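A.B. asks: Input: one structure, supplied below.
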Amino acid sequence: MIRRLNMLLQHEAASGVLLILCAATALLLDNSPLAFIYDALLATPVSVQVGALAIDKPLLLWINDGLMAVFFFLVGLEIKRELLEGQLSSWSAASLPLIAAIGGMAVPAAIYATLNWSDPVALSGWAIPAATDIAFALGVLALLGTRAPVALKVFLLALAVIDDVGAIIIIALFYTADLSVLSLSIGLAGLALLVMLNLRGETRIAPYILIGIVMWVCVLKSGVHATLAGVLIALTIPMRTGQKRKRVPLLRLEHALKPWVAFFIMPIFAFANAGVSLTGLSVADLLAPIPLGIALGLFIGKQIGVLGFAFAGVKLGLCALPRGLTWRHVYGAAILAGIGFTMSLFIGTLAFADVEHAAAVRIGVLSGSLLSALFGYMVLLTAPSASSPLRPPAATASPPAGANLPVQTRSAAGSANA
């Protein structure tokens with residue numbers, strides 16, 4: 001029984017399925033006689049105080065500012081690993097997903113902005129459809145099994161990681177409140193201390209975590225969104241140790257955090273943010289500028305942006321389509337990139353604080369993400385499988401699918417930390 005449960009949890013689609021279940025549970029609760037319990041739970045005040053320093057927030061904001069900081073910490077670890085040794089470590093490997101990701105962020109944002117241009121308040125949500133939910137998108141791809149070539153998984157993962165980098169930059173530049181210079185200065189001092197630990201070759205994890213917690217509190221109090229602290233802390237974690245037999249701190253943390261993020265943090269976030277009352281919902285509500293802009297941005301904008309920019313990049317000679325992929329594969333990945341879900345909901349919480357706008361955001365994100373998941377799955381289901389011949393046989397043996405994807409790898413045991 002335990003063995004079967006472990007196999008189930010290790011399946012790539014497991015976390016995506018759990019996200020759907022938690023979101024569906026939130027929707028059911030918020031549209032049932034138990035809605036008051038759901039609302040009261042999220043509004044429960046939670047306080048932590050040490051001397052004069054106090055953090056007093058409702059449970060919902062502890063989830064969005066606290067637990068999501070851990071999620072972004074993991075994202076930061078993945079970004080650093082990909083930049084140093086993964087699919088983003090060379091231009092030849094990163095060019096196609098980079099160009100596709102730029103289109104995948106720009107076009108959805110433009111569609112939303114066009115529909116909401118006349119409303120300055122609504123316009124602040126322009127970045128909501130620019131995001132991609134990595135776990136959900138890869139979960140849908142995993143349901144295809146061997147029909148999804150390895151090269152497609154690599155492309156979608158790199159695309160989503162770059163998309164996360166874009167989301168982090170957007171949050172830092174456009175969703176920052178009034179700054180507290182003192183708190184921000186202390187937070188930056190903590191970051192400088194973490195960099196010094198890295199440069200001195202410190203590979204113990206505890207000092208980074210302890211200083212990181214102080215830094216998170218300072219960033220939270222500074223007006224900059226606290227999740228950004230998670231990314232900055234992650235970038236200081238050593239990727240190399242200088243000792244061949246010593247485990248790399250970054251990889252140890254990434255391995256330890258992944259199941260907690262996938263099966264605890266993200267499901268809780270989905271449960272806390274997906275609940276929306278459908279009472280009295282009409283077609284006019286669905287076609288209102290905010291939900292329509294988000295849904296069209298995710299479902300249509302991602303397709304146009306990712307596929308269009310990728311196609312233009314290949315035709316202009318800026319990048320190449322990896323062996324093992326067809327344009328139908330890229331089109332399917334472009335649709336799956338429209339699964340914004342948790343990332344779009346998160347940006348929505350930063351853009352709008354009032355209940356009315358929050359409900360519109362949830363309707364748009366859920367409808368756009370659901371359409372993207374269903375249509376993306378159907379398109380890739382009819383695409384050539386990983387074992388299907390994609391090109392006419394040549395005189396010499398062709399490398400396996402994805403074999404020509406240039407991946408620059410280096411030994412984790414370098415001479416210095418990074």
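Numbering starts fresh at 1 for the residues of each chain in the structure tokens, the chains themselves are lettered A, B, ... in the order given, and ligands are numbered from 1 as they appear.
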Within 10 Å of range 39-60 of chain A, which residues of range 198-305 of chain A show up? Give each one with its shortest atom-to-atom distance in Å (one decimal) and the two atoms involved, counting only C-alpha atoms, rows by chain then rising residue number, as JSON lines.

C.D. replies:
{"residue": "A:Val217", "atom": "CA", "partner": "A:Ile55", "partner_atom": "CA", "distance": 8.6}
{"residue": "A:Leu220", "atom": "CA", "partner": "A:Ile55", "partner_atom": "CA", "distance": 9.2}
{"residue": "A:Lys221", "atom": "CA", "partner": "A:Ile55", "partner_atom": "CA", "distance": 8.8}
{"residue": "A:Ile268", "atom": "CA", "partner": "A:Leu60", "partner_atom": "CA", "distance": 9.9}
{"residue": "A:Phe269", "atom": "CA", "partner": "A:Leu60", "partner_atom": "CA", "distance": 8.6}
{"residue": "A:Phe271", "atom": "CA", "partner": "A:Leu42", "partner_atom": "CA", "distance": 10.0}
{"residue": "A:Ala272", "atom": "CA", "partner": "A:Leu60", "partner_atom": "CA", "distance": 6.6}
{"residue": "A:Asn273", "atom": "CA", "partner": "A:Leu60", "partner_atom": "CA", "distance": 8.2}
{"residue": "A:Gly275", "atom": "CA", "partner": "A:Asp39", "partner_atom": "CA", "distance": 9.1}

A.B. asks: Pick out the residues sitting within 6 Å of range 307-309 of chain A, and hand them over as number ranges by chain; count only C-alpha atoms, and ignore anything fewer than 6 positions along from it in its own chain.

C.D. replies: A: 100, 103, 331, 334

A.B. asks: Could you write out the selected residues, including all heavy atoms, as a short mmCIF file (atom, residue, chain, number, x, y, z; two decimals), in the first residue's frame?

C.D. replies:
data_model
loop_
_atom_site.label_atom_id
_atom_site.label_comp_id
_atom_site.auth_asym_id
_atom_site.auth_seq_id
_atom_site.Cartn_x
_atom_site.Cartn_y
_atom_site.Cartn_z
N ALA A 100 10.51 32.37 -27.31
CA ALA A 100 9.10 31.97 -27.16
C ALA A 100 8.49 32.56 -25.88
O ALA A 100 7.34 33.00 -25.87
CB ALA A 100 8.99 30.45 -27.15
N GLY A 103 7.54 36.28 -26.21
CA GLY A 103 6.24 36.42 -26.88
C GLY A 103 5.10 35.97 -26.00
O GLY A 103 4.02 36.58 -26.00
N TYR A 331 3.20 24.06 -30.93
CA TYR A 331 1.86 24.65 -30.78
C TYR A 331 1.16 24.11 -29.54
O TYR A 331 0.55 24.86 -28.77
CB TYR A 331 1.02 24.35 -32.03
CG TYR A 331 -0.40 24.86 -31.94
CD1 TYR A 331 -0.67 26.18 -31.59
CD2 TYR A 331 -1.47 24.01 -32.19
CE1 TYR A 331 -1.97 26.65 -31.51
CE2 TYR A 331 -2.78 24.47 -32.10
CZ TYR A 331 -3.02 25.79 -31.76
OH TYR A 331 -4.31 26.25 -31.67
N ALA A 334 2.64 25.73 -26.59
CA ALA A 334 2.18 27.12 -26.51
C ALA A 334 0.81 27.20 -25.83
O ALA A 334 0.55 28.11 -25.04
CB ALA A 334 2.12 27.73 -27.90
#

A.B. asks: Report the distance between CA of Leu370 in chain A and CA of Leu281 in chain A in Å, rounded to one decimal place.

C.D. replies: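 CA of Leu370 in chain A sits 18.0 Å away from CA of Leu281 in chain A.
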
A.B. asks: Which residues come within 9 Å of Ile168 in chain A, counting only C-alpha atoms, excluding same-chain residues fewer than 2 positions away, as a list in words?

C.D. replies: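 Once the nearby chain positions are removed, what remains is Phe72, Asp163, Asp164, Val165, Gly166, Ile170, Ile171, Ala172, Leu173, Thr227, Leu228 and Val231 of chain A.
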
A.B. asks: Fewer than 3 positions away in the same chain doesn't count, so skip those; otherwise give me all residues within 7 Å of range 349-362 of chain A, counting only C-alpha atoms, as a ChimeraX atom specification.

C.D. replies: /A:124-125,175,274,276,290-291,345-346,365-366

A.B. asks: Only C-alpha atoms, please: the residues just picked out, written as a tab-separated table (two decimals), in the first residue's frame.

C.D. replies:
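Produced file out-v6.tsv, reproduced below:
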chain	number	residue	atom	x	y	z
A	124	SER	CA	-3.05	47.26	-13.16
A	125	GLY	CA	-3.77	43.57	-13.73
A	175	TYR	CA	3.88	45.51	-7.70
A	274	ALA	CA	-9.38	29.60	-6.06
A	276	VAL	CA	-15.07	32.33	-5.83
A	290	ILE	CA	-11.10	41.82	-16.54
A	291	PRO	CA	-12.08	38.10	-16.72
A	345	LEU	CA	-3.79	33.93	-9.21
A	346	PHE	CA	-0.76	35.08	-7.22
A	365	VAL	CA	-7.74	32.60	-14.52
A	366	LEU	CA	-9.75	29.42	-13.93

A.B. asks: Counting only C-alpha atoms, what is within 7 Å of Asp65 in chain A, bar same-chain residues fewer than 4 positions away, as a PyMOL selection string?

C.D. replies: chain A and resi 61+69+226-227

A.B. asks: Determine the nearest neighbour of Leu143 in chain A from the options A:Met196, A:Leu74, A:Ala288, A:Val17, counting only C-alpha atoms.

C.D. replies: A:Val17

A.B. asks: Pick from A:Ala167, A:Leu371, A:Ile347, A:Ile265: nearest to Cys22 in chain A, with only C-alpha atoms counted?

C.D. replies: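 Closest residue, counting only C-alpha atoms: A:Ile265.
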
A.B. asks: Identify which of the residues A:Leu336, A:Pro33, A:Trp216, A:Ala24 lies closest to Thr279 in chain A, counting only C-alpha atoms when measuring atom-to-atom distances.

C.D. replies: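 Using only C-alpha atoms, the shortest distance to Thr279 in chain A belongs to A:Pro33.
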
A.B. asks: Just to confirm, what's the straight-line distance from CA of Gly212 in chain A to CA of Gly86 in chain A in Å (one decimal)?

C.D. replies: 25.3 Å

A.B. asks: Hey, which of A:Leu253, A:Val107, A:Val261, A:Val330 ends up closest to Gly301 in chain A? Count only C-alpha atoms.

C.D. replies: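 Closest to Gly301 in chain A of all the choices is A:Val107.
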